[in-house]
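Asker: Pasting input_0.pdb below, which is PDB, C-alpha atoms.
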```
MODEL        1
ATOM      1  CA  MET X1455     -30.963  25.442  -6.356
ATOM      2  CA  LYS X1456     -28.757  24.093  -9.145
ATOM      3  CA  VAL X1457     -25.612  25.317  -7.365
ATOM      4  CA  ASN X1458     -26.684  23.675  -4.109
ATOM      5  CA  VAL X1459     -27.383  20.353  -5.851
ATOM      6  CA  ILE X1460     -24.019  20.445  -7.645
ATOM      7  CA  ILE X1461     -22.162  21.203  -4.401
ATOM      8  CA  GLN X1462     -23.978  18.328  -2.650
ATOM      9  CA  ALA X1463     -23.190  15.968  -5.542
ATOM     10  CA  VAL X1464     -19.483  16.864  -5.603
ATOM     11  CA  LEU X1465     -18.995  16.724  -1.832
ATOM     12  CA  GLY X1466     -21.050  13.519  -1.667
ATOM     13  CA  ASN X1467     -18.776  11.855  -4.249
ATOM     14  CA  LEU X1468     -21.611  11.306  -6.725
ATOM     15  CA  ASP X1469     -20.733  10.693 -10.362
ATOM     16  CA  ILE X1470     -21.801  13.574 -12.620
ATOM     17  CA  GLN X1471     -22.366  12.254 -16.150
ATOM     18  CA  ASN X1472     -23.299  15.434 -18.020
ATOM     19  CA  GLN X1473     -20.185  17.216 -19.355
ATOM     20  CA  GLY X1474     -21.827  20.624 -18.990
ATOM     21  CA  LEU X1475     -22.556  19.950 -15.326
ATOM     22  CA  VAL X1476     -18.985  18.724 -14.813
ATOM     23  CA  CYS X1477     -17.680  22.065 -16.116
ATOM     24  CA  ASP X1478     -20.191  23.926 -13.946
ATOM     25  CA  SER X1479     -19.161  21.896 -10.906
ATOM     26  CA  MET X1480     -15.483  22.749 -11.387
ATOM     27  CA  LYS X1481     -16.283  26.476 -11.590
ATOM     28  CA  ILE X1482     -18.642  26.327  -8.619
ATOM     29  CA  MET X1483     -16.153  24.489  -6.415
ATOM     30  CA  ARG X1484     -13.376  26.956  -7.296
ATOM     31  CA  CYS X1485     -15.655  29.873  -6.419
ATOM     32  CA  CYS X1486     -16.787  28.220  -3.176
ATOM     33  CA  GLU X1487     -13.212  27.629  -2.090
ATOM     34  CA  ARG X1488     -12.295  31.238  -2.838
ATOM     35  CA  LEU X1489     -15.349  32.531  -0.958
ATOM     36  CA  ALA X1490     -14.575  30.354   2.047
ATOM     37  CA  ASN X1491     -10.975  31.576   2.085
ATOM     38  CA  CYS X1492     -12.171  35.201   1.937
ATOM     39  CA  LEU X1493     -14.535  34.540   4.829
ATOM     40  CA  ILE X1494     -11.666  33.005   6.815
ATOM     41  CA  GLU X1495      -9.560  36.124   6.279
ATOM     42  CA  TYR X1496     -12.453  38.325   7.379
ATOM     43  CA  LEU X1497     -13.258  36.252  10.470
ATOM     44  CA  GLU X1498      -9.597  36.306  11.518
ATOM     45  CA  THR X1499      -9.885  40.070  11.958
ATOM     46  CA  ARG X1500     -13.021  39.825  14.126
ATOM     47  CA  ASP X1501     -13.067  39.223  17.866
ATOM     48  CA  LYS X1502     -14.956  36.318  19.398
ATOM     49  CA  CYS X1503     -15.853  34.594  16.116
ATOM     50  CA  TYR X1504     -14.003  31.392  16.935
ATOM     51  CA  SER X1505     -16.855  29.021  16.227
ATOM     52  CA  ALA X1506     -17.636  30.636  12.874
ATOM     53  CA  LEU X1507     -13.933  30.640  11.987
ATOM     54  CA  SER X1508     -13.560  26.965  12.889
ATOM     55  CA  ASN X1509     -16.624  26.005  10.834
ATOM     56  CA  THR X1510     -15.439  28.083   7.874
ATOM     57  CA  ILE X1511     -11.989  26.483   7.951
ATOM     58  CA  THR X1512     -13.637  23.046   7.931
ATOM     59  CA  LEU X1513     -15.866  24.060   5.018
ATOM     60  CA  ALA X1514     -12.909  25.483   3.066
ATOM     61  CA  LYS X1515     -11.090  22.192   3.562
ATOM     62  CA  CYS X1516     -14.133  20.310   2.263
ATOM     63  CA  PHE X1517     -14.249  22.505  -0.841
ATOM     64  CA  ARG X1518     -10.508  22.033  -1.424
ATOM     65  CA  VAL X1519     -10.603  18.219  -1.248
ATOM     66  CA  LYS X1520     -14.112  18.001  -2.740
ATOM     67  CA  LEU X1521     -15.430  15.742   0.040
ATOM     68  CA  TRP X1522     -17.444  16.175   3.208
ATOM     69  CA  GLU X1523     -15.393  16.152   6.391
ATOM     70  CA  ASN X1524     -16.746  12.760   7.517
ATOM     71  CA  SER X1525     -16.737  11.109   4.078
ATOM     72  CA  PRO X1526     -15.706   7.443   3.864
ATOM     73  CA  TYR X1527     -14.033   8.191   0.497
ATOM     74  CA  VAL X1528     -10.849   9.652   2.068
ATOM     75  CA  SER X1529      -8.605   7.810  -0.403
ATOM     76  CA  LYS X1530      -9.913  10.083  -3.168
ATOM     77  CA  GLN X1531      -7.581  12.760  -1.772
ATOM     78  CA  LEU X1532      -4.531  10.689  -2.767
ATOM     79  CA  THR X1533      -2.806  11.359  -6.082
ATOM     80  CA  GLY X1534      -3.868   8.854  -8.724
ATOM     81  CA  VAL X1535      -6.912   7.604  -6.813
ATOM     82  CA  GLY X1536     -10.152   8.458  -8.555
ATOM     83  CA  GLN X1537     -13.764   7.826  -7.772
ATOM     84  CA  VAL X1538     -13.756   4.153  -8.835
ATOM     85  CA  ILE X1539     -10.759   3.062  -6.744
ATOM     86  CA  SER X1540     -11.918   5.203  -3.834
ATOM     87  CA  THR X1541     -15.313   3.470  -3.911
ATOM     88  CA  LEU X1542     -13.650   0.043  -4.038
ATOM     89  CA  LEU X1543     -11.476   0.901  -1.034
ATOM     90  CA  MET X1544     -14.500   2.202   0.858
ATOM     91  CA  LYS X1545     -16.377  -1.057   0.152
ATOM     92  CA  ALA X1546     -13.322  -2.960   1.411
ATOM     93  CA  GLY X1547     -13.579  -1.043   4.692
ATOM     94  CA  LYS X1548     -10.627   1.295   4.105
ATOM     95  CA  THR X1549     -12.308   4.532   5.185
ATOM     96  CA  SER X1550      -9.441   6.327   6.932
ATOM     97  CA  PHE X1551      -5.824   7.103   6.132
ATOM     98  CA  LYS X1552      -4.788   5.116   9.193
ATOM     99  CA  GLU X1553      -6.546   1.999   7.850
ATOM    100  CA  ILE X1554      -5.073   2.494   4.379
ATOM    101  CA  THR X1555      -1.482   2.962   5.586
ATOM    102  CA  SER X1556      -1.665  -0.002   7.953
ATOM    103  CA  THR X1557      -2.937  -2.335   5.216
ATOM    104  CA  ASN X1558      -0.623  -4.523   3.191
ATOM    105  CA  PRO X1559      -0.405  -3.094  -0.364
ATOM    106  CA  ARG X1560      -1.277  -6.533  -1.743
ATOM    107  CA  HIS X1561      -4.603  -6.503   0.120
ATOM    108  CA  ILE X1562      -5.445  -3.102  -1.367
ATOM    109  CA  GLU X1563      -4.537  -4.385  -4.822
ATOM    110  CA  MET X1564      -6.583  -7.559  -4.315
ATOM    111  CA  ALA X1565      -9.621  -5.557  -3.161
ATOM    112  CA  SER X1566      -9.426  -3.507  -6.360
ATOM    113  CA  ILE X1567      -8.926  -6.472  -8.683
ATOM    114  CA  CYS X1568     -11.526  -8.733  -7.011
ATOM    115  CA  SER X1569     -14.154  -6.009  -7.227
ATOM    116  CA  TYR X1570     -13.545  -5.694 -10.955
ATOM    117  CA  LEU X1571     -13.950  -9.428 -11.456
ATOM    118  CA  VAL X1572     -17.256  -9.677  -9.587
TER     119      VAL X1572
ENDMDL
END
```
What would you get if you wrote out this structure as structure tokens?
Answerer:
Amino acid sequence: MKVNVIIQAVLGNLDIQNQGLVCDSMKIMRCCERLANCLIEYLETRDKCYSALSNTITLAKCFRVKLWENSPYVSKQLTGVGQVISTLLMKAGKTSFKEITSTNPRHIEMASICSYLV
């Protein structure tokens, strides 16, 4: 049950305060990614397992980026963007890479600064 809760917390972009749980979450996510990759390799050798293979590839991607597939915190995947900035961008309505790249950098900066001041 603890592993399930930690996986849900990490993929749901929840802040884990306890340092011991942070270490556990890093180990768990590494193991989950490795298991998903092993399952992908196995399913590639099987016939007519396309749906399972597709779902496993999606899950492996989620473990790699540490977010659910439909998460509004997509900016967290960018280098240098952590949970705080990602949350600020999500609150500013920047929930896809298309929206982020089409936005003036000044507006992104203002959204971050204004949220800190409030």
Asker: Would you mind listing, for every residue of stretch 1473-1533 of chain X within 12 Å of stretch 1551-1562 of chain X, the two atoms forming the shortest contact and the distance between them in Å to one decimal, using all atoms listed in the file, sorted by chain and ascending residue number, as JSON lines?
Answerer:
```
{"residue": "X:Ser1525", "atom": "CA", "partner": "X:Phe1551", "partner_atom": "CA", "distance": 11.8}
{"residue": "X:Pro1526", "atom": "CA", "partner": "X:Phe1551", "partner_atom": "CA", "distance": 10.1}
{"residue": "X:Tyr1527", "atom": "CA", "partner": "X:Phe1551", "partner_atom": "CA", "distance": 10.0}
{"residue": "X:Val1528", "atom": "CA", "partner": "X:Phe1551", "partner_atom": "CA", "distance": 6.9}
{"residue": "X:Ser1529", "atom": "CA", "partner": "X:Phe1551", "partner_atom": "CA", "distance": 7.1}
{"residue": "X:Lys1530", "atom": "CA", "partner": "X:Phe1551", "partner_atom": "CA", "distance": 10.6}
{"residue": "X:Gln1531", "atom": "CA", "partner": "X:Phe1551", "partner_atom": "CA", "distance": 9.9}
{"residue": "X:Leu1532", "atom": "CA", "partner": "X:Phe1551", "partner_atom": "CA", "distance": 9.7}
```
Asker: Do you know which residues the PyMOL selection byres ((chain X and resi 1465-1482) around 6) returns on this file, as a PyMOL selection string?
Answerer: chain X and resi 1462-1464+1483-1485+1520-1522
Asker: Can you list, as number ranges by chain, every protein, DNA or RNA residue that comes within 12 Å of X:Leu1497 when you count only C-alpha atoms, leaving out same-chain residues fewer than 6 positions away?
Answerer: X: 1490-1491, 1503-1511
Asker: Step by step, gather every atom of stretch 1518-1536 of chain X that the file lists, find the box along x, y and z that holds them, add 4 Å on each side, and finally give centre and edge lengths in Å to one decimal, as lines of an AutoDock Vina configuration file.
Answerer:
```
center_x = -10.1
center_y = 14.7
center_z = -0.6
size_x = 22.6
size_y = 22.6
size_z = 24.2
```
Asker: Here's the selection I'm unsure about, the PyMOL selection byres ((chain X and resi 1539) around 12); applied to the file above, which residues does it give, as a count of residues only?
Answerer: 29
Asker: Please indicate the distance in Å from atom CA of X:Cys1486 to atom CA of X:Thr1549, rounded to one decimal place.
Answerer: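 For atom CA of X:Cys1486 relative to atom CA of X:Thr1549, the distance reads 25.5 Å.
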Asker: If you measure from atom CA of X:Thr1512 to atom CA of X:Glu1487, what distance in Å do you get, rounded to one decimal?
Answerer: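 Separating atom CA of X:Thr1512 from atom CA of X:Glu1487 is a distance of 11.0 Å.
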Asker: For a test of reading the model, state the distance in Å between atom CA of X:Glu1498 and atom CA of X:Arg1518, rounded to one decimal.
Answerer: 19.3 Å
Asker: Quick one: stretch 1467-1568 of chain X with C-alpha atoms, as a short mmCIF file (atom, residue, chain, number, x, y, z; two decimals), in the first residue's frame?
Answerer:
```
data_model
loop_
_atom_site.label_atom_id
_atom_site.label_comp_id
_atom_site.auth_asym_id
_atom_site.auth_seq_id
_atom_site.Cartn_x
_atom_site.Cartn_y
_atom_site.Cartn_z
CA ASN X 1467 2.89 16.03 -8.49
CA LEU X 1468 2.26 16.12 -4.74
CA ASP X 1469 4.96 17.53 -2.50
CA ILE X 1470 6.56 14.86 -0.29
CA GLN X 1471 7.95 16.50 2.85
CA ASN X 1472 9.50 13.53 4.66
CA GLN X 1473 13.12 12.97 3.54
CA GLY X 1474 12.83 9.22 4.08
CA LEU X 1475 9.80 9.06 1.81
CA VAL X 1476 11.60 11.17 -0.80
CA CYS X 1477 14.43 8.61 -0.88
CA ASP X 1478 11.89 5.78 -1.05
CA SER X 1479 10.05 7.51 -3.88
CA MET X 1480 13.23 7.85 -5.95
CA LYS X 1481 14.01 4.14 -5.54
CA ILE X 1482 10.42 3.12 -6.27
CA MET X 1483 10.20 5.23 -9.43
CA ARG X 1484 13.52 3.85 -10.72
CA CYS X 1485 12.30 0.29 -10.12
CA CYS X 1486 8.93 1.01 -11.75
CA GLU X 1487 10.59 2.43 -14.83
CA ARG X 1488 12.88 -0.58 -15.11
CA LEU X 1489 9.95 -2.99 -14.67
CA ALA X 1490 7.91 -1.19 -17.30
CA ASN X 1491 10.83 -1.30 -19.73
CA CYS X 1492 11.25 -5.05 -19.11
CA LEU X 1493 7.55 -5.57 -19.74
CA ILE X 1494 7.83 -3.60 -22.99
CA GLU X 1495 10.67 -5.85 -24.16
CA TYR X 1496 8.65 -8.94 -23.29
CA LEU X 1497 5.47 -7.71 -24.98
CA GLU X 1498 7.41 -6.86 -28.14
CA THR X 1499 8.16 -10.57 -28.56
CA ARG X 1500 4.50 -11.60 -28.17
CA ASP X 1501 1.92 -11.64 -30.95
CA LYS X 1502 -1.32 -9.69 -30.69
CA CYS X 1503 -0.45 -7.80 -27.49
CA TYR X 1504 -0.70 -4.37 -29.08
CA SER X 1505 -3.04 -2.86 -26.54
CA ALA X 1506 -0.96 -4.07 -23.60
CA LEU X 1507 2.21 -2.86 -25.31
CA SER X 1508 0.72 0.57 -25.97
CA ASN X 1509 -0.47 0.91 -22.37
CA THR X 1510 2.90 -0.23 -21.02
CA ILE X 1511 4.77 2.27 -23.19
CA THR X 1512 2.50 5.04 -21.87
CA LEU X 1513 3.09 3.89 -18.29
CA ALA X 1514 6.87 3.73 -18.81
CA LYS X 1515 6.77 7.28 -20.12
CA CYS X 1516 4.82 8.38 -17.04
CA PHE X 1517 7.40 6.77 -14.76
CA ARG X 1518 10.26 8.39 -16.69
CA VAL X 1519 8.85 11.94 -16.49
CA LYS X 1520 7.23 11.36 -13.08
CA LEU X 1521 3.82 12.66 -14.19
CA TRP X 1522 0.55 11.16 -15.34
CA GLU X 1523 -0.01 11.27 -19.08
CA ASN X 1524 -2.77 13.90 -18.83
CA SER X 1525 -1.14 16.01 -16.10
CA PRO X 1526 -1.47 19.80 -16.34
CA TYR X 1527 2.07 20.12 -14.91
CA VAL X 1528 3.81 19.42 -18.26
CA SER X 1529 6.35 22.20 -17.69
CA LYS X 1530 7.90 20.12 -14.90
CA GLN X 1531 9.54 18.05 -17.65
CA LEU X 1532 11.65 21.05 -18.72
CA THR X 1533 15.17 21.45 -17.35
CA GLY X 1534 15.27 23.92 -14.47
CA VAL X 1535 11.51 23.91 -13.88
CA GLY X 1536 10.59 22.44 -10.53
CA GLN X 1537 7.33 21.86 -8.75
CA VAL X 1538 6.82 25.49 -7.69
CA ILE X 1539 7.27 27.06 -11.14
CA SER X 1540 5.32 24.24 -12.76
CA THR X 1541 2.40 24.90 -10.39
CA LEU X 1542 2.54 28.64 -11.12
CA LEU X 1543 2.47 27.98 -14.87
CA MET X 1544 -0.43 25.57 -14.46
CA LYS X 1545 -2.37 28.21 -12.48
CA ALA X 1546 -1.62 30.70 -15.27
CA GLY X 1547 -3.24 28.29 -17.74
CA LYS X 1548 -0.03 27.04 -19.36
CA THR X 1549 -0.84 23.33 -19.33
CA SER X 1550 0.67 22.19 -22.63
CA PHE X 1551 3.98 22.64 -24.41
CA LYS X 1552 2.15 24.33 -27.27
CA GLU X 1553 0.74 26.97 -24.89
CA ILE X 1554 4.12 27.49 -23.23
CA THR X 1555 6.05 27.90 -26.50
CA SER X 1556 3.48 30.26 -27.97
CA THR X 1557 3.54 32.53 -24.90
CA ASN X 1558 5.74 35.59 -24.70
CA PRO X 1559 8.59 34.87 -22.23
CA ARG X 1560 7.72 38.08 -20.38
CA HIS X 1561 4.21 36.79 -19.66
CA ILE X 1562 5.65 33.57 -18.22
CA GLU X 1563 8.04 35.59 -16.08
CA MET X 1564 5.25 37.91 -14.93
CA ALA X 1565 3.03 34.95 -13.99
CA SER X 1566 5.84 33.59 -11.82
CA ILE X 1567 6.69 36.90 -10.17
CA CYS X 1568 3.06 38.01 -9.61
#
```
